[in-house]
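Undergrad: Before I ask anything, here is the structure I am working with.
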Amino acid sequence: RGIMNITLKEAARIAQCETAGDENFVLRQLCALDEPKEDGICYLTHLEKPELLQNLKAGCVILPLEAKGKELPFKGNILYAQNPEWAFILLLKYVDSLRVKYTPGIHPTAVVSPSANIGANVSIGAYSVVEDDAVIGENTVIYPQCYIGKNVHIGKNCLIYPQVVIREDCILKDFVILQAGAKIGSDGFGFSFHDGRHQKIPQIGNVIIESDVEIQSNTCIDRAKISSTVIGANTKIDNLVQVGHNVKVGMSSIMCAQVGVAGTTDIGNGVILAGQVGLAGHMKIGDRAQVGAQSGVMNNIPAGQTYFGYPAMPQKEAFRQLAILRKLPEMYKEIKEFKKQLSQTKKLSLFGKIKKLAGK
């Protein structure tokens with residue numbers, strides 16, 4: 001994990017950094033700031049806590065450019081980067097590229113239809129099934145125990161991890177990653193109550209996943225009743241997310257774990273839905289909107305707005321309500337005291353009236 005064998009100079013080239021130290025120093029691994037290695041490289045994003053560098057026994061640390069020329073407690077090798085985190089990610093990408101992930105070819109136990117169109121350098125793992133008229137683009141990897149349905153089109157350089165199901169007629173563009181157990185194109189949850197029973201509505205549409213999308217483990221994207229459920233380019237969807245039929249998700253959106261989206265909802269570009277957000281159906285979420293964790297969205301959200309709560313509302317309003325809720329025990333205590341005083345006042349007043357009447 002994170003093993004490499006490069007000089008400081010080579011690391012600076014890969015990570016697009018400036019060097020300060022021994023350019024011939026050999027770095028052998030990536031490491032975390034709280035688990036430093038003497039031959040490893042880690043990073044510090046900001047300089048608000050320079051004490052983190054005190055007694056740091058790492059071979060090299062990546063620091064922000066603003067650290068140049070400053071007196072720091074770390075005296076070892078340094079790389080300066082505009083964005084230290086991104087520089088470290090570039091090194092992660094480099095290390096990842098060194099790993100052999102698969103061997104092109106079709107495993108003997110895989111079942112591949114003669115009418116399937118398999119591109120160059122494709123890998124199909126053990127016990128996977130590829131149905132009639134499926135198309136799989138070049139350099140795509142299908143790991144063991146996957147199911148690729150009839151007339152599915154998968155682009156080039158895709159990664160389909162074990163136990164993924166992609167049902168008939170669905171389309172994946174290029175550089176799509178489906179993590180283990182993702183289900184693409186299951187029937188939308190559509191029923192009509194007729195003659196005293198829930199009658200199934202046929203779901204004859206499909207799912208279209210645009211390029212550079214990653215969908216994490218055990219997430220379900222339902223096929224449309226008609227037309228397509230669409231996941232826009234560069235969108236990232238976390239584990240255990242449910243996307244209903246006919247949903248449209250724009251480009252570069254983020255949907256965190258356990259989000260649930262009911263059918264025919266339109267989610268814009270650059271939207272962020274935090275964990276366990278629930279969206280009712282037939283709504284529109286504007287571009288760059290953000291929704292806080294565990295919120296329940298019942299109405300449209302305008303572009304660029306941040307919503308929170310149940311039902312979800314503008315964040316400032318939700319926070320005001322929460323502040324009031326926190327004061328409820330104190331307010332309740334004050335109300336009880338007030339009622340007690342009021343009761344005593346009434347009793348005294350009544351006693352006074354009785355004394356007056358007795359005096360007469």
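Labeling convention for the structure tokens: chains A, B, ... as they appear, residues from 1 per chain, ligands from 1 in order of appearance.
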DSSP on the backbone, alpha helix (DSSP H) only: what residues of segment 112-333 of chain A does that give? Format it as a list in words.

TA: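 Put together, the selection reads Gln315, Lys316, Glu317, Ala318, Phe319, Arg320, Gln321, Leu322, Ala323, Ile324, Leu325, Arg326, Leu328, Pro329, Glu330, Met331, Tyr332 and Lys333 of chain A.
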
Undergrad: I need the residues from that last selection saved to file as a short mmCIF file (atom, residue, chain, number, x, y, z; two decimals), in the first residue's frame (with all heavy atoms), if you can.

TA:
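After the write, selection.cif holds the following:
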```
data_model
loop_
_atom_site.label_atom_id
_atom_site.label_comp_id
_atom_site.auth_asym_id
_atom_site.auth_seq_id
_atom_site.Cartn_x
_atom_site.Cartn_y
_atom_site.Cartn_z
N GLN A 315 -31.12 27.31 5.27
CA GLN A 315 -30.30 26.92 6.41
C GLN A 315 -30.38 27.90 7.58
O GLN A 315 -30.47 27.49 8.74
CB GLN A 315 -28.84 26.77 5.97
CG GLN A 315 -27.91 26.30 7.07
CD GLN A 315 -26.52 26.00 6.55
OE1 GLN A 315 -26.24 24.89 6.16
NE2 GLN A 315 -25.66 27.00 6.53
N LYS A 316 -30.37 29.20 7.31
CA LYS A 316 -30.43 30.19 8.39
C LYS A 316 -31.72 30.05 9.20
O LYS A 316 -31.70 30.10 10.43
CB LYS A 316 -30.31 31.60 7.83
CG LYS A 316 -28.90 31.96 7.36
CD LYS A 316 -28.83 33.40 6.92
CE LYS A 316 -27.41 33.76 6.48
NZ LYS A 316 -27.31 35.17 6.01
N GLU A 317 -32.82 29.85 8.49
CA GLU A 317 -34.09 29.67 9.17
C GLU A 317 -34.10 28.39 10.00
O GLU A 317 -34.57 28.36 11.15
CB GLU A 317 -35.23 29.64 8.15
CG GLU A 317 -36.62 29.51 8.76
CD GLU A 317 -37.72 29.47 7.72
OE1 GLU A 317 -37.45 29.85 6.55
OE2 GLU A 317 -38.83 29.05 8.08
N ALA A 318 -33.52 27.31 9.43
CA ALA A 318 -33.46 26.04 10.15
C ALA A 318 -32.61 26.17 11.41
O ALA A 318 -32.98 25.65 12.47
CB ALA A 318 -32.88 24.96 9.23
N PHE A 319 -31.51 26.88 11.33
CA PHE A 319 -30.64 27.06 12.50
C PHE A 319 -31.33 27.90 13.57
O PHE A 319 -31.16 27.66 14.77
CB PHE A 319 -29.33 27.69 12.08
CG PHE A 319 -28.38 26.74 11.39
CD1 PHE A 319 -27.19 27.19 10.84
CD2 PHE A 319 -28.69 25.40 11.28
CE1 PHE A 319 -26.31 26.32 10.21
CE2 PHE A 319 -27.83 24.50 10.65
CZ PHE A 319 -26.64 24.97 10.12
N ARG A 320 -32.11 28.90 13.15
CA ARG A 320 -32.87 29.70 14.13
C ARG A 320 -33.86 28.82 14.89
O ARG A 320 -34.00 28.92 16.11
CB ARG A 320 -33.60 30.86 13.43
CG ARG A 320 -32.72 32.06 13.13
CD ARG A 320 -33.55 33.29 12.83
NE ARG A 320 -34.39 33.11 11.66
CZ ARG A 320 -34.02 33.44 10.42
NH1 ARG A 320 -32.83 33.96 10.19
NH2 ARG A 320 -34.84 33.26 9.41
N GLN A 321 -34.54 27.96 14.15
CA GLN A 321 -35.50 27.06 14.79
C GLN A 321 -34.80 26.10 15.75
O GLN A 321 -35.31 25.82 16.84
CB GLN A 321 -36.28 26.29 13.73
CG GLN A 321 -37.24 27.15 12.94
CD GLN A 321 -38.19 26.34 12.09
OE1 GLN A 321 -38.28 25.12 12.23
NE2 GLN A 321 -38.90 27.00 11.19
N LEU A 322 -33.63 25.60 15.34
CA LEU A 322 -32.88 24.70 16.22
C LEU A 322 -32.44 25.42 17.50
O LEU A 322 -32.47 24.83 18.59
CB LEU A 322 -31.65 24.16 15.49
CG LEU A 322 -31.90 23.01 14.51
CD1 LEU A 322 -30.62 22.68 13.75
CD2 LEU A 322 -32.41 21.78 15.24
N ALA A 323 -32.04 26.67 17.34
CA ALA A 323 -31.63 27.45 18.52
C ALA A 323 -32.79 27.60 19.49
O ALA A 323 -32.61 27.50 20.72
CB ALA A 323 -31.11 28.81 18.08
N ILE A 324 -33.98 27.81 18.96
CA ILE A 324 -35.17 27.93 19.81
C ILE A 324 -35.48 26.59 20.48
O ILE A 324 -35.82 26.53 21.67
CB ILE A 324 -36.37 28.43 18.99
CG1 ILE A 324 -36.13 29.89 18.55
CG2 ILE A 324 -37.67 28.32 19.80
CD1 ILE A 324 -37.13 30.40 17.55
N LEU A 325 -35.35 25.50 19.71
CA LEU A 325 -35.63 24.18 20.26
C LEU A 325 -34.72 23.86 21.45
O LEU A 325 -35.15 23.26 22.44
CB LEU A 325 -35.45 23.11 19.18
CG LEU A 325 -36.61 22.93 18.20
CD1 LEU A 325 -36.21 22.00 17.07
CD2 LEU A 325 -37.85 22.40 18.92
N ARG A 326 -33.46 24.28 21.34
CA ARG A 326 -32.51 24.01 22.44
C ARG A 326 -32.93 24.74 23.72
O ARG A 326 -32.57 24.33 24.81
CB ARG A 326 -31.11 24.43 22.02
CG ARG A 326 -30.49 23.53 20.97
CD ARG A 326 -29.00 23.79 20.82
NE ARG A 326 -28.43 23.05 19.71
CZ ARG A 326 -28.19 23.54 18.51
NH1 ARG A 326 -28.47 24.81 18.26
NH2 ARG A 326 -27.67 22.80 17.56
N LEU A 328 -36.05 25.16 24.66
CA LEU A 328 -37.37 24.72 25.11
C LEU A 328 -37.39 24.25 26.56
O LEU A 328 -38.31 24.61 27.31
CB LEU A 328 -37.90 23.62 24.19
CG LEU A 328 -38.56 24.09 22.89
CD1 LEU A 328 -39.03 22.89 22.08
CD2 LEU A 328 -39.74 25.01 23.17
N PRO A 329 -36.42 23.45 27.04
CA PRO A 329 -36.48 23.03 28.46
C PRO A 329 -36.48 24.22 29.41
O PRO A 329 -37.24 24.26 30.39
CB PRO A 329 -35.21 22.18 28.62
CG PRO A 329 -34.93 21.67 27.26
CD PRO A 329 -35.32 22.78 26.33
N GLU A 330 -35.62 25.21 29.11
CA GLU A 330 -35.56 26.41 29.95
C GLU A 330 -36.87 27.19 29.86
O GLU A 330 -37.41 27.67 30.88
CB GLU A 330 -34.39 27.27 29.49
CG GLU A 330 -34.18 28.54 30.30
CD GLU A 330 -33.07 29.40 29.73
OE1 GLU A 330 -32.24 28.87 28.95
OE2 GLU A 330 -33.05 30.59 30.06
N MET A 331 -37.41 27.33 28.64
CA MET A 331 -38.67 28.05 28.46
C MET A 331 -39.80 27.34 29.18
O MET A 331 -40.67 27.98 29.81
CB MET A 331 -38.97 28.19 26.97
CG MET A 331 -37.99 29.10 26.22
SD MET A 331 -38.12 28.97 24.43
CE MET A 331 -39.77 29.56 24.15
N TYR A 332 -39.81 25.99 29.10
CA TYR A 332 -40.84 25.22 29.77
C TYR A 332 -40.79 25.43 31.29
O TYR A 332 -41.82 25.59 31.96
CB TYR A 332 -40.68 23.74 29.42
CG TYR A 332 -41.67 22.84 30.10
CD1 TYR A 332 -43.03 22.89 29.79
CD2 TYR A 332 -41.26 21.92 31.07
CE1 TYR A 332 -43.95 22.07 30.42
CE2 TYR A 332 -42.17 21.09 31.70
CZ TYR A 332 -43.52 21.18 31.37
OH TYR A 332 -44.42 20.36 32.00
N LYS A 333 -39.55 25.45 31.81
CA LYS A 333 -39.38 25.69 33.25
C LYS A 333 -39.91 27.06 33.64
O LYS A 333 -40.60 27.21 34.67
CB LYS A 333 -37.89 25.57 33.59
CG LYS A 333 -37.58 25.65 35.07
CD LYS A 333 -36.08 25.45 35.30
CE LYS A 333 -35.76 25.57 36.78
NZ LYS A 333 -34.31 25.41 37.02
#
```

Undergrad: Skip Ala81 of chain A itself and residues of its chain fewer than 3 positions away, then list as a PyMOL selection string all residues within 7 Å of it, counting only C-alpha atoms.

TA: chain A and resi 17-18+62-65+84+87

Undergrad: So what do you get for atom CA of Ala58 of chain A versus atom CA of Phe88 of chain A, distance-wise?

TA: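 These two atoms are separated by 14.3 Å.
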
Undergrad: For a quick check of understanding, using only C-alpha atoms, which of A:Glu131, A:Asp169, A:Asp266, A:Asp187 has the smallest distance to Lys200 of chain A?

TA: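 That would be A:Asp187, the residue with the smallest distance to Lys200 of chain A.
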
Undergrad: Just the residues within 12 Å of Arg167 of chain A, please, counting only C-alpha atoms, with nothing from its chain fewer than 2 positions along; format it as number ranges by chain.

TA: A: 129-132, 134, 146-154, 164-165, 169-172, 182-187, 203-208, 220-223

Undergrad: Which neighbours of Ala303 of chain A fall inside 9 Å, counting only C-alpha atoms, when residues of the same chain fewer than 4 positions from it are skipped, and could you give them as a compact mmCIF listing (two decimals) with N, CA and C atoms, in the first residue's frame?

TA:
```
# COMPACT_ATOMS: atom_id res chain seq x y z
N GLY A 268 -29.91 19.35 -10.41
CA GLY A 268 -29.07 20.14 -11.30
C GLY A 268 -27.60 19.79 -11.26
N VAL A 271 -24.72 19.89 -7.57
CA VAL A 271 -25.54 19.78 -6.35
C VAL A 271 -24.84 18.86 -5.35
N ILE A 285 -34.25 20.46 -8.08
CA ILE A 285 -33.18 20.97 -7.23
C ILE A 285 -32.23 21.76 -8.12
N GLY A 286 -32.12 23.06 -7.88
CA GLY A 286 -31.35 23.94 -8.77
C GLY A 286 -29.85 23.68 -8.73
N ASP A 287 -29.16 24.19 -9.73
CA ASP A 287 -27.71 24.05 -9.81
C ASP A 287 -27.03 24.58 -8.54
N ARG A 288 -26.01 23.84 -8.09
CA ARG A 288 -25.14 24.23 -6.97
C ARG A 288 -25.88 24.31 -5.64
N ALA A 289 -27.09 23.78 -5.57
CA ALA A 289 -27.79 23.73 -4.28
C ALA A 289 -27.10 22.72 -3.37
```

Undergrad: Could you name the residues that touch Val249 of chain A at 10 Å or less, counting only C-alpha atoms, but leaving out those on the same chain fewer than 3 positions away, as number ranges by chain?

TA: A: 209, 229-233, 235, 243, 246, 252-255, 265-271, 285

Undergrad: In Å, how far is it from atom CA of Gly244 of chain A to atom CA of Gly137 of chain A?

TA: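 Interatomic distance, atom CA of Gly244 of chain A to atom CA of Gly137 of chain A: 27.1 Å.
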
Undergrad: I need the residue nearest Glu23 of chain A from this list: A:Asn55, A:Asn83, A:Thr7, A:Gln341. Use only C-alpha atoms for the distance.

TA: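 Among A:Asn55, A:Asn83, A:Thr7, A:Gln341, it is A:Thr7 that comes nearest to Glu23 of chain A.
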
Undergrad: Can you tell me, as a list in words, which residues in segment 115-187 of chain A count as strand (DSSP E or B) by DSSP?

TA: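 Reading the DSSP output for segment 115-187 of chain A, strand (DSSP E or B) covers Asn117, Ile118, Ser123, Ile124, Val129, Val130, Val135, Ile136, Val141, Ile142, Tyr147, Ile148, His153, Ile154, Leu159, Ile160, Val165, Ile166, Ile171, Leu172, Ile177, Leu178, Lys183, Ile184, Gly185 and Ser186 of chain A.
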
Undergrad: Quick one, how far is atom CA of Lys57 of chain A from atom CA of Leu91 of chain A?

TA: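 Distance reported for this atom pair: 19.5 Å.
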
Undergrad: Which residues, written as a PyMOL selection string, have at least one atom at most 12 Å from Pro202 of chain A, with only C-alpha atoms counted and residues fewer than 5 positions away on the same chain left out?

TA: chain A and resi 186-192+223-226+245

Undergrad: Select, from A:Phe25, A:Tyr310, A:Tyr94, A:Tyr161, the residue with the minimum atom-to-atom distance to Cys60 of chain A, counting only C-alpha atoms.

TA: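 Among A:Phe25, A:Tyr310, A:Tyr94, A:Tyr161, it is A:Phe25 that comes nearest to Cys60 of chain A.
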
Undergrad: Can you tell me which residues surround Glu38 of chain A at a distance of at most 10 Å, considering only C-alpha atoms, apart from same-chain residues fewer than 4 positions away, and format the answer as a ChimeraX atom specification?

TA: /A:27-29,31,56-60,76

Undergrad: Take the selection from the previous step and output its residues with N, CA and C atoms, as an mmCIF file, in the first residue's frame.

TA:
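Resulting contents of result20.cif:
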```cif
data_model
loop_
_atom_site.group_PDB
_atom_site.id
_atom_site.type_symbol
_atom_site.label_atom_id
_atom_site.label_comp_id
_atom_site.auth_asym_id
_atom_site.auth_seq_id
_atom_site.Cartn_x
_atom_site.Cartn_y
_atom_site.Cartn_z
ATOM 1 N N LEU A 27 12.372 8.340 -1.733
ATOM 2 C CA LEU A 27 11.080 8.165 -1.055
ATOM 3 C C LEU A 27 10.517 6.806 -1.447
ATOM 4 N N ARG A 28 10.120 6.025 -0.451
ATOM 5 C CA ARG A 28 9.668 4.664 -0.740
ATOM 6 C C ARG A 28 8.186 4.430 -0.447
ATOM 7 N N GLN A 29 7.537 5.381 0.246
ATOM 8 C CA GLN A 29 6.122 5.155 0.530
ATOM 9 C C GLN A 29 5.395 6.449 0.836
ATOM 10 N N CYS A 31 2.613 8.269 3.262
ATOM 11 C CA CYS A 31 2.214 8.063 4.655
ATOM 12 C C CYS A 31 1.342 9.216 5.128
ATOM 13 N N LEU A 56 8.359 15.766 13.660
ATOM 14 C CA LEU A 56 7.835 14.919 12.587
ATOM 15 C C LEU A 56 8.981 14.130 11.952
ATOM 16 N N LYS A 57 8.888 12.822 12.033
ATOM 17 C CA LYS A 57 9.947 11.964 11.502
ATOM 18 C C LYS A 57 9.509 11.370 10.163
ATOM 19 N N ALA A 58 9.312 12.244 9.190
ATOM 20 C CA ALA A 58 8.970 11.825 7.831
ATOM 21 C C ALA A 58 10.118 12.185 6.905
ATOM 22 N N GLY A 59 10.239 11.407 5.837
ATOM 23 C CA GLY A 59 11.291 11.711 4.875
ATOM 24 C C GLY A 59 11.073 13.028 4.163
ATOM 25 N N CYS A 60 9.794 13.360 3.959
ATOM 26 C CA CYS A 60 9.454 14.607 3.258
ATOM 27 C C CYS A 60 8.028 14.992 3.628
ATOM 28 N N GLY A 76 13.484 18.627 7.700
ATOM 29 C CA GLY A 76 13.746 17.634 6.667
ATOM 30 C C GLY A 76 13.439 18.148 5.269
#
```
